[in-house]
file data.txt (compact mmCIF, C-alpha atoms and all ligand atoms)
# COMPACT_ATOMS: atom_id res chain seq x y z
CA MET D 1198 0.00 0.00 0.00
CA SER D 1199 1.26 3.48 -0.74
CA GLY D 1200 -0.14 6.88 -0.04
CA GLN D 1201 -2.16 8.35 2.72
CA LEU D 1202 -5.78 7.75 3.43
CA LYS D 1203 -6.37 11.34 4.57
CA GLY D 1204 -9.29 12.72 2.59
CA LYS D 1205 -10.47 9.31 1.33
CA HIS D 1206 -14.22 8.78 1.36
CA PHE D 1207 -15.56 5.79 3.30
CA ILE D 1208 -18.77 5.04 1.44
CA THR D 1209 -18.21 1.43 0.50
CA LEU D 1210 -15.47 -1.08 1.27
CA ARG D 1211 -15.47 -1.86 -2.45
CA ASP D 1212 -13.37 1.34 -2.78
CA TRP D 1213 -10.88 0.21 -0.12
CA THR D 1214 -8.20 -2.34 -0.95
CA ASN D 1215 -7.47 -5.22 1.40
CA ASP D 1216 -4.21 -3.50 2.34
CA GLU D 1217 -6.13 -0.36 3.28
CA ILE D 1218 -8.69 -2.35 5.28
CA ASN D 1219 -5.88 -4.23 7.04
CA LEU D 1220 -4.25 -0.93 7.99
CA LEU D 1221 -7.62 0.27 9.30
CA LEU D 1222 -7.94 -2.89 11.41
CA ASP D 1223 -4.40 -2.44 12.78
CA VAL D 1224 -5.14 1.17 13.74
CA SER D 1225 -8.48 0.13 15.30
CA SER D 1226 -6.79 -2.60 17.38
CA ASP D 1227 -4.17 -0.11 18.54
CA LEU D 1228 -6.90 2.35 19.53
CA LYS D 1229 -8.72 -0.44 21.38
CA ARG D 1230 -5.64 -1.35 23.41
CA LYS D 1231 -5.03 2.32 24.26
CA PHE D 1232 -8.69 2.76 25.25
CA TYR D 1233 -8.36 -0.21 27.64
CA MET D 1234 -5.23 1.33 29.20
CA ASP D 1235 -6.62 4.87 29.45
CA VAL D 1236 -3.90 6.08 27.11
CA PRO D 1237 -5.05 9.36 25.55
CA THR D 1238 -5.33 9.34 21.74
CA PRO D 1239 -5.70 13.00 20.70
CA TYR D 1240 -4.98 12.36 17.03
CA LEU D 1241 -7.62 14.77 15.72
CA PRO D 1242 -7.41 17.83 17.99
CA TYR D 1243 -10.01 20.50 17.22
CA LYS D 1244 -11.28 18.56 14.21
CA ASN D 1245 -14.97 18.62 13.55
CA ILE D 1246 -17.25 16.03 11.95
CA PHE D 1247 -20.90 16.48 11.03
CA LEU D 1248 -23.10 13.44 11.69
CA MET D 1249 -26.28 13.55 9.60
CA PHE D 1250 -28.97 11.02 10.50
CA PHE D 1251 -32.08 10.44 8.41
CA GLU D 1252 -32.88 7.45 10.68
CA GLN D 1253 -32.57 6.27 14.25
CA SER D 1254 -29.33 4.84 15.64
CA THR D 1255 -27.78 3.69 18.89
CA ARG D 1256 -24.41 2.12 18.00
CA THR D 1257 -23.48 4.19 14.98
CA ARG D 1258 -24.30 7.60 16.39
CA ASN D 1259 -22.68 6.97 19.75
CA SER D 1260 -19.57 5.23 18.43
CA MET D 1261 -18.96 8.26 16.21
CA GLU D 1262 -19.72 10.85 18.88
CA ALA D 1263 -17.73 9.12 21.61
CA GLY D 1264 -15.04 8.22 19.10
CA ILE D 1265 -14.34 11.74 17.84
CA ALA D 1266 -14.33 13.07 21.42
CA GLN D 1267 -11.77 10.41 22.40
CA LEU D 1268 -9.65 11.51 19.42
CA GLY D 1269 -9.68 15.11 20.62
CA GLY D 1270 -12.26 16.41 18.16
CA HIS D 1271 -15.94 17.28 18.18
CA ALA D 1272 -19.10 15.98 16.50
CA ASN D 1273 -22.15 17.99 15.47
CA TYR D 1274 -25.13 15.62 15.59
CA LEU D 1275 -27.65 16.59 12.91
CA ASP D 1276 -31.18 15.22 12.87
CA THR D 1277 -31.87 15.83 9.19
CA SER D 1278 -35.57 16.51 9.87
CA THR D 1279 -34.43 19.75 11.51
CA MET D 1280 -32.21 20.76 8.59
CA GLN D 1281 -33.14 22.67 5.43
CA ILE D 1282 -33.06 19.29 3.68
CA SER D 1283 -36.70 19.18 4.81
CA HIS D 1284 -37.31 22.14 2.51
CA GLY D 1285 -35.47 20.53 -0.37
CA GLU D 1286 -31.87 21.71 0.07
CA SER D 1287 -29.69 19.60 -2.20
CA PRO D 1288 -26.96 17.13 -1.16
CA LYS D 1289 -24.57 19.21 -3.29
CA ASP D 1290 -25.19 22.40 -1.31
CA THR D 1291 -25.25 20.55 2.02
CA GLY D 1292 -21.97 18.81 1.18
CA ILE D 1293 -20.18 21.98 0.05
CA ILE D 1294 -21.29 24.02 3.04
CA LEU D 1295 -20.77 21.48 5.84
CA SER D 1296 -17.35 20.51 4.48
CA SER D 1297 -16.35 24.19 4.50
CA PHE D 1298 -17.25 24.36 8.21
CA GLY D 1299 -15.27 21.32 9.39
CA HIS D 1300 -13.21 18.28 8.51
CA GLY D 1301 -15.66 15.55 7.52
CA ILE D 1302 -19.27 14.59 6.97
CA ALA D 1303 -20.85 11.30 7.97
CA CYS D 1304 -24.38 10.37 7.00
CA ARG D 1305 -26.99 7.63 7.48
CA ASN D 1306 -29.61 7.55 4.75
CA CYS D 1307 -31.19 4.14 4.17
CA PHE D 1308 -34.00 5.16 1.83
CA TRP D 1309 -34.14 2.58 -0.96
CA GLU D 1310 -32.57 3.80 -4.21
CA ILE D 1311 -31.92 7.19 -2.58
CA GLY D 1312 -29.43 6.78 0.28
CA ASN D 1313 -26.31 5.73 -1.63
CA LYS D 1314 -26.97 8.29 -4.37
CA TYR D 1315 -27.35 10.98 -1.71
CA LEU D 1316 -23.99 10.11 -0.13
CA ASN D 1317 -22.19 10.00 -3.47
CA GLU D 1318 -23.68 13.33 -4.48
CA MET D 1319 -22.40 14.93 -1.26
CA ALA D 1320 -19.01 13.28 -1.76
CA LYS D 1321 -18.78 14.62 -5.31
CA TYR D 1322 -18.93 18.20 -4.05
CA ALA D 1323 -17.63 18.06 -0.47
CA SER D 1324 -14.06 19.22 0.06
CA LYS D 1325 -13.63 16.78 2.99
CA PRO D 1326 -14.15 13.02 3.36
CA VAL D 1327 -17.69 11.63 3.46
CA MET D 1328 -18.41 8.56 5.59
CA ASN D 1329 -21.30 6.19 5.18
CA LEU D 1330 -23.11 5.47 8.44
CA GLN D 1331 -25.41 3.04 6.54
CA CYS D 1332 -27.23 3.56 3.30
CA ASP D 1333 -29.63 1.47 1.25
CA LEU D 1334 -26.72 -0.61 -0.10
CA TYR D 1335 -23.77 -0.56 2.29
CA HIS D 1336 -22.89 -0.46 5.97
CA PRO D 1337 -19.07 -0.31 5.84
CA MET D 1338 -18.71 0.73 9.51
CA GLN D 1339 -20.51 -2.48 10.50
CA GLY D 1340 -18.54 -4.54 7.98
CA VAL D 1341 -15.14 -3.58 9.38
CA ALA D 1342 -16.30 -4.06 12.99
CA ASP D 1343 -17.55 -7.54 12.03
CA LEU D 1344 -14.24 -8.36 10.36
CA MET D 1345 -12.28 -7.12 13.37
CA THR D 1346 -14.42 -9.25 15.71
CA ILE D 1347 -13.89 -12.35 13.57
CA LYS D 1348 -10.13 -11.76 13.35
CA GLU D 1349 -9.94 -11.35 17.12
CA LYS D 1350 -11.55 -14.74 17.71
CA TYR D 1351 -10.03 -16.85 14.93
CA THR D 1352 -6.33 -17.18 14.17
CA SER D 1353 -7.07 -17.27 10.45
CA THR D 1354 -10.09 -16.32 8.37
CA LYS D 1355 -9.08 -18.76 5.62
CA GLY D 1356 -11.70 -21.46 5.20
CA LEU D 1357 -13.95 -20.18 8.00
CA LYS D 1358 -17.49 -21.35 7.31
CA VAL D 1359 -19.61 -18.21 7.68
CA SER D 1360 -23.36 -18.26 7.10
CA ILE D 1361 -25.25 -15.04 6.44
CA ILE D 1362 -28.84 -16.06 7.09
CA TRP D 1363 -32.12 -14.25 6.60
CA ALA D 1364 -34.26 -14.24 9.77
CA TYR D 1365 -37.86 -13.39 10.54
CA ALA D 1366 -38.51 -10.12 12.41
CA LYS D 1367 -41.48 -8.03 13.44
CA SER D 1368 -39.65 -4.88 14.54
CA HIS D 1369 -39.18 -3.11 11.20
CA LYS D 1370 -38.16 -3.76 7.60
CA LYS D 1371 -34.39 -3.76 7.87
CA PRO D 1372 -32.11 -2.62 5.01
CA ILE D 1373 -30.10 -5.11 2.95
CA SER D 1374 -26.92 -3.15 3.60
CA VAL D 1375 -25.50 -5.38 6.36
CA PRO D 1376 -25.78 -8.75 4.56
CA LEU D 1377 -24.76 -7.11 1.28
CA THR D 1378 -21.60 -5.67 2.84
CA GLN D 1379 -20.73 -8.99 4.51
CA ALA D 1380 -21.40 -10.98 1.30
CA LEU D 1381 -18.93 -8.82 -0.61
CA LEU D 1382 -16.32 -8.48 2.13
CA PHE D 1383 -15.93 -11.91 3.69
CA PRO D 1384 -14.88 -13.77 0.49
CA ARG D 1385 -12.06 -11.19 0.19
CA TYR D 1386 -10.74 -12.68 3.43
CA LYS D 1387 -10.84 -16.26 2.12
CA MET D 1388 -13.93 -17.26 4.09
CA ASP D 1389 -16.33 -19.94 2.86
CA VAL D 1390 -19.52 -17.92 2.77
CA THR D 1391 -23.06 -19.30 2.61
CA LEU D 1392 -25.95 -16.92 1.96
CA ALA D 1393 -29.30 -18.39 3.05
CA TYR D 1394 -32.77 -16.94 2.53
CA PRO D 1395 -36.31 -17.92 1.55
CA ASP D 1396 -37.63 -16.93 -1.89
CA GLY D 1397 -38.25 -13.21 -2.12
CA PHE D 1398 -35.30 -12.10 -0.01
CA GLU D 1399 -32.43 -12.38 -2.45
CA LEU D 1400 -29.70 -9.80 -2.73
CA PRO D 1401 -29.26 -8.03 -6.09
CA ASP D 1402 -27.73 -10.13 -8.89
CA TRP D 1403 -24.66 -7.88 -9.19
CA VAL D 1404 -23.87 -8.54 -5.51
CA ILE D 1405 -23.91 -12.30 -6.01
CA GLU D 1406 -21.71 -12.01 -9.10
CA GLU D 1407 -19.22 -9.79 -7.31
CA ALA D 1408 -19.21 -11.99 -4.18
CA LYS D 1409 -18.35 -14.99 -6.39
CA GLU D 1410 -15.66 -12.99 -8.21
CA ASN D 1411 -14.18 -11.96 -4.87
CA ALA D 1412 -14.17 -15.60 -3.73
CA ASN D 1413 -12.35 -16.66 -6.93
CA LYS D 1414 -9.89 -13.80 -6.76
CA TYR D 1415 -8.97 -14.08 -3.09
CA GLY D 1416 -9.41 -17.79 -2.38
CA GLY D 1417 -12.73 -17.99 -0.55
CA THR D 1418 -15.99 -19.58 -1.64
CA PHE D 1419 -19.54 -18.29 -1.98
CA ARG D 1420 -22.75 -20.30 -2.27
CA ILE D 1421 -26.49 -19.79 -1.83
CA THR D 1422 -28.98 -22.07 -0.13
CA HIS D 1423 -32.70 -21.83 0.62
CA HIS D 1424 -32.49 -24.47 3.36
CA LEU D 1425 -32.11 -23.14 6.86
CA GLU D 1426 -30.56 -26.28 8.34
CA GLU D 1427 -27.99 -26.45 5.56
CA ALA D 1428 -26.83 -22.94 6.48
CA PHE D 1429 -26.32 -23.91 10.12
CA ARG D 1430 -24.74 -27.32 9.57
CA GLU D 1431 -21.08 -27.25 10.66
CA ALA D 1432 -20.94 -23.44 10.37
CA ASP D 1433 -18.17 -21.70 12.32
CA ILE D 1434 -20.02 -18.40 12.39
CA VAL D 1435 -23.73 -17.76 11.90
CA ILE D 1436 -25.19 -14.31 11.27
CA PRO D 1437 -28.98 -14.69 11.23
CA LYS D 1438 -30.57 -11.31 10.62
CA ASN D 1439 -33.65 -9.90 9.03
CA TRP D 1440 -33.62 -7.84 5.84
CA GLY D 1441 -36.47 -6.54 3.76
CA SER D 1442 -37.68 -7.73 0.39
CA TRP D 1443 -36.68 -5.05 -2.11
CA SER D 1444 -37.20 -6.76 -5.49
CA SER D 1445 -40.11 -5.83 -7.72
CA LYS D 1446 -40.10 -9.52 -8.73
CA TYR D 1447 -41.69 -10.30 -5.35
CA PRO D 1448 -44.28 -7.56 -4.70
CA ASN D 1449 -46.49 -9.77 -2.53
CA VAL D 1450 -43.95 -11.60 -0.39
CA ASN D 1451 -45.58 -12.54 2.92
CA ILE D 1452 -43.00 -12.48 5.70
CA GLU D 1453 -45.39 -14.34 8.06
CA GLU D 1454 -44.78 -17.52 6.06
CA PHE D 1455 -41.18 -17.57 7.25
CA LYS D 1456 -41.54 -17.37 11.02
CA ASP D 1457 -39.48 -20.53 11.38
CA TRP D 1458 -36.43 -18.70 10.02
CA LYS D 1459 -35.24 -18.07 13.56
CA CYS D 1460 -31.89 -18.78 15.19
CA THR D 1461 -32.68 -21.45 17.79
CA GLU D 1462 -30.62 -23.52 20.19
CA LYS D 1463 -31.65 -26.57 18.17
CA LEU D 1464 -30.20 -25.13 14.98
CA MET D 1465 -27.05 -23.97 16.80
CA SER D 1466 -26.54 -27.59 17.94
CA ILE D 1467 -25.86 -28.70 14.34
CA ALA D 1468 -23.26 -25.97 13.75
CA SER D 1469 -19.59 -26.42 14.61
CA LYS D 1470 -18.84 -27.09 18.29
CA ASP D 1471 -17.26 -23.67 18.75
CA VAL D 1472 -19.80 -21.77 16.62
CA SER D 1473 -20.09 -17.99 17.03
CA TYR D 1474 -23.40 -16.14 16.84
CA MET D 1475 -23.11 -12.61 15.43
CA HIS D 1476 -25.67 -9.85 14.83
CA ALA D 1477 -25.16 -6.17 14.01
CA LEU D 1478 -27.92 -5.32 16.53
CA PRO D 1479 -30.54 -4.29 17.36
CA ALA D 1480 -31.86 -7.87 17.33
CA ASP D 1481 -35.54 -8.72 17.35
CA ARG D 1482 -35.39 -11.10 20.31
CA GLY D 1483 -37.85 -13.97 20.16
CA ASN D 1484 -38.26 -13.55 16.40
CA GLU D 1485 -34.83 -13.38 14.78
CA VAL D 1486 -33.20 -15.25 17.63
CA GLU D 1487 -33.99 -17.07 20.86
CA ASP D 1488 -32.77 -15.37 24.04
CA ALA D 1489 -30.90 -18.55 24.93
CA VAL D 1490 -28.72 -18.09 21.83
CA ILE D 1491 -28.07 -14.34 21.92
CA ASP D 1492 -27.44 -14.51 25.68
CA GLY D 1493 -25.61 -17.83 25.44
CA PRO D 1494 -21.94 -18.82 25.25
CA SER D 1495 -21.77 -18.70 21.43
CA SER D 1496 -22.84 -15.10 21.23
CA ILE D 1497 -20.19 -12.47 20.46
CA VAL D 1498 -22.64 -9.65 19.77
CA TYR D 1499 -21.42 -7.34 22.51
CA GLN D 1500 -17.79 -7.64 21.41
CA GLU D 1501 -19.03 -6.99 17.85
CA ALA D 1502 -20.95 -3.90 19.00
CA GLU D 1503 -18.02 -2.63 21.09
CA ASN D 1504 -15.76 -2.91 18.07
CA ARG D 1505 -17.97 -0.35 16.35
CA LEU D 1506 -16.30 2.24 18.62
CA HIS D 1507 -12.74 1.18 17.84
CA THR D 1508 -13.28 0.87 14.09
CA ALA D 1509 -15.18 4.18 13.90
CA LYS D 1510 -12.17 5.81 15.57
CA GLY D 1511 -9.87 4.01 13.14
CA VAL D 1512 -11.78 5.32 10.12
CA MET D 1513 -11.79 8.89 11.46
CA ALA D 1514 -8.13 8.82 12.56
CA LEU D 1515 -7.04 7.70 9.10
CA THR D 1516 -9.29 9.81 6.89
CA LEU D 1517 -10.03 13.11 8.66
N1 LIG B 1601 -25.68 -1.89 13.91
C1 LIG B 1601 -26.06 -0.59 13.83
O1 LIG B 1601 -25.76 0.10 12.86
O2 LIG B 1601 -26.73 -0.15 14.93
P1 LIG B 1601 -27.51 1.24 15.04
O3 LIG B 1601 -28.67 1.18 14.07
O4 LIG B 1601 -27.97 1.33 16.47
O5 LIG B 1601 -26.58 2.35 14.68
call {"tool": "encode", "arguments": {"input": "data.txt", "output": "structure tokens"}}
result
Amino acid sequence: MSGQLKGKHFITLRDWTNDEINLLLDVSSDLKRKFYMDVPTPYLPYKNIFLMFFEQSTRTRNSMEAGIAQLGGHANYLDTSTMQISHGESPKDTGIILSSFGHGIACRNCFWEIGNKYLNEMAKYASKPVMNLQCDLYHPMQGVADLMTIKEKYTSTKGLKVSIIWAYAKSHKKPISVPLTQALLFPRYKMDVTLAYPDGFELPDWVIEEAKENANKYGGTFRITHHLEEAFREADIVIPKNWGSWSSKYPNVNIEEFKDWKCTEKLMSIASKDVSYMHALPADRGNEVEDAVIDGPSSIVYQEAENRLHTAKGVMALTL
């Protein structure tokens, strides 16, 4: 790897090489160790980042706000419903103006077929880096935290059997950005990835093609199944999580038909002996997953959530 990452946008991990992601993980691990030892890390003194949220958040907002404070900078939290965006102000104007006031802009906009375009439009005109806090397509902050969590637990990611599994939920229609990001990223780290879902919940065709290309290029594998048990059998890591049906091919998909797509102790018993249960959170307890699993010994969800802080700091320290 050559060159600095200062000024680089963080909209999708597709734009970051493996070397760049590895550097980000190294920096994040270093920040984690220093956080544990109360070693100050004022790498971004007086720097300012604007955090624009079109939707609710617990982990993402607070990892960014706490993270920039711990790096010596400051965050402006912006509920976009209180901004002139509500009166139609363009992403171009918002991007130019906010980037002239500070050192970076981060934004969550998950509206289907809008969010990613909005971020890219801001990035086109902003004079400072733009970070994606989740859009309709990608959640790179979650993706790197997931990768860090996996690398902390396993000595090698090569050949790890990781199953990204659709799960039933009642809470709300969740974006496809988390499974999409994982499907593209994990084969780049030589994992053997299984994507499992019932009809109507596929990811876009280009994602599947690229996930397979990544597997071929980097030495992982990628396959799809529609059988829940097959996804759990002998898996090292399971990531059962709801996502919404987005395809116009399935306008009448009835989620109630798939209530049995739940992560249960019984299903966990057919996975590998040392299986890990992961979830980006928030989880729909009782629907996506049984309490006994998410609160049980296989669950690494709190480590995964905590790593959102360290990786958010890593992204900001490298790019702002
Ligand atoms: N995983 C995640 O992005 O959580 P929040 O929606 O709480 O930010």
call {"tool": "atom_distance", "arguments": {"input": "data.txt", "atom1": "CA of Thr1422 in chain D", "atom2": "CA of Pro1401 in chain D"}}
result
15.3 Å
call {"tool": "closest_residue", "arguments": {"input": "data.txt", "among": "D:Thr1352, D:Ser1496, D:Ser1287, D:Ser1225", "to": "Glu1318 in chain D", "atoms": "all atoms listed in the file"}}
result
D:Ser1287
call {"tool": "residues_around", "arguments": {"input": "data.txt", "residues": "range 1359-1375 of chain D", "least_positions_apart": "4", "cutoff": "9 Å", "atoms": "only C-alpha atoms", "output": "ChimeraX atom specification"}}
result
/D:1307-1309,1331-1337,1339-1340,1379-1380,1383,1388-1395,1398,1400,1425,1428-1429,1432-1443,1452-1453,1455-1460,1477,1480-1486
call {"tool": "closest_residue", "arguments": {"input": "data.txt", "among": "D:Ile1302, D:Leu1478, D:Ala1468, D:Leu1377", "to": "Ile1497 in chain D", "atoms": "only C-alpha atoms"}}
result
D:Leu1478
call {"tool": "residues_near_ligand", "arguments": {"input": "data.txt", "ligand": "ligand LIG 1601 (chain B)", "cutoff": "9 Å", "atoms": "all atoms listed in the file", "output": "list of chain:residue names"}}
result
D:Glu1252, D:Gln1253, D:Ser1254, D:Thr1255, D:Arg1256, D:Thr1257, D:Arg1258, D:Asn1259, D:Ser1260, D:Arg1305, D:Leu1330, D:Gln1331, D:His1336, D:Met1338, D:Gln1339, D:Val1375, D:His1476, D:Ala1477, D:Leu1478, D:Pro1479, D:Ala1502, D:Arg1505
call {"tool": "axis_aligned_box", "arguments": {"input": "data.txt", "around": "range 1340-1347 of chain D", "padding_each_side": "5 Å", "output": "lines of an AutoDock Vina configuration file"}}
result
center_x = -15.4
center_y = -8.0
center_z = 11.8
size_x = 16.3
size_y = 18.8
size_z = 17.7
call {"tool": "closest_residue", "arguments": {"input": "data.txt", "among": "D:Glu1503, D:Asp1343, D:Met1513, D:Gly1416", "to": "Ala1266 in chain D", "atoms": "only C-alpha atoms"}}
result
D:Met1513
call {"tool": "closest_residue", "arguments": {"input": "data.txt", "among": "D:Arg1385, D:Leu1210, D:Thr1277, D:His1300", "to": "Leu1241 in chain D", "atoms": "only C-alpha atoms"}}
result
D:His1300
call {"tool": "closest_residue", "arguments": {"input": "data.txt", "among": "D:Thr1214, D:Thr1508, D:Asn1245, D:Gln1281", "to": "Ser1226 in chain D", "atoms": "all atoms listed in the file"}}
result
D:Thr1508
call {"tool": "residues_near_point", "arguments": {"input": "data.txt", "point": "(-23.2, 9.8, 7.4)", "cutoff": "9 Å", "atoms": "all atoms listed in the file", "output": "ChimeraX atom specification"}}
result
/D:1208,1247-1251,1302-1306,1316,1327-1332
call {"tool": "atom_distance", "arguments": {"input": "data.txt", "atom1": "CA of Gly1301 in chain D", "atom2": "CA of Thr1279 in chain D"}}
result
19.6 Å
call {"tool": "atom_distance", "arguments": {"input": "data.txt", "atom1": "CA of Lys1229 in chain D", "atom2": "CA of Ala1263 in chain D"}}
result
13.1 Å
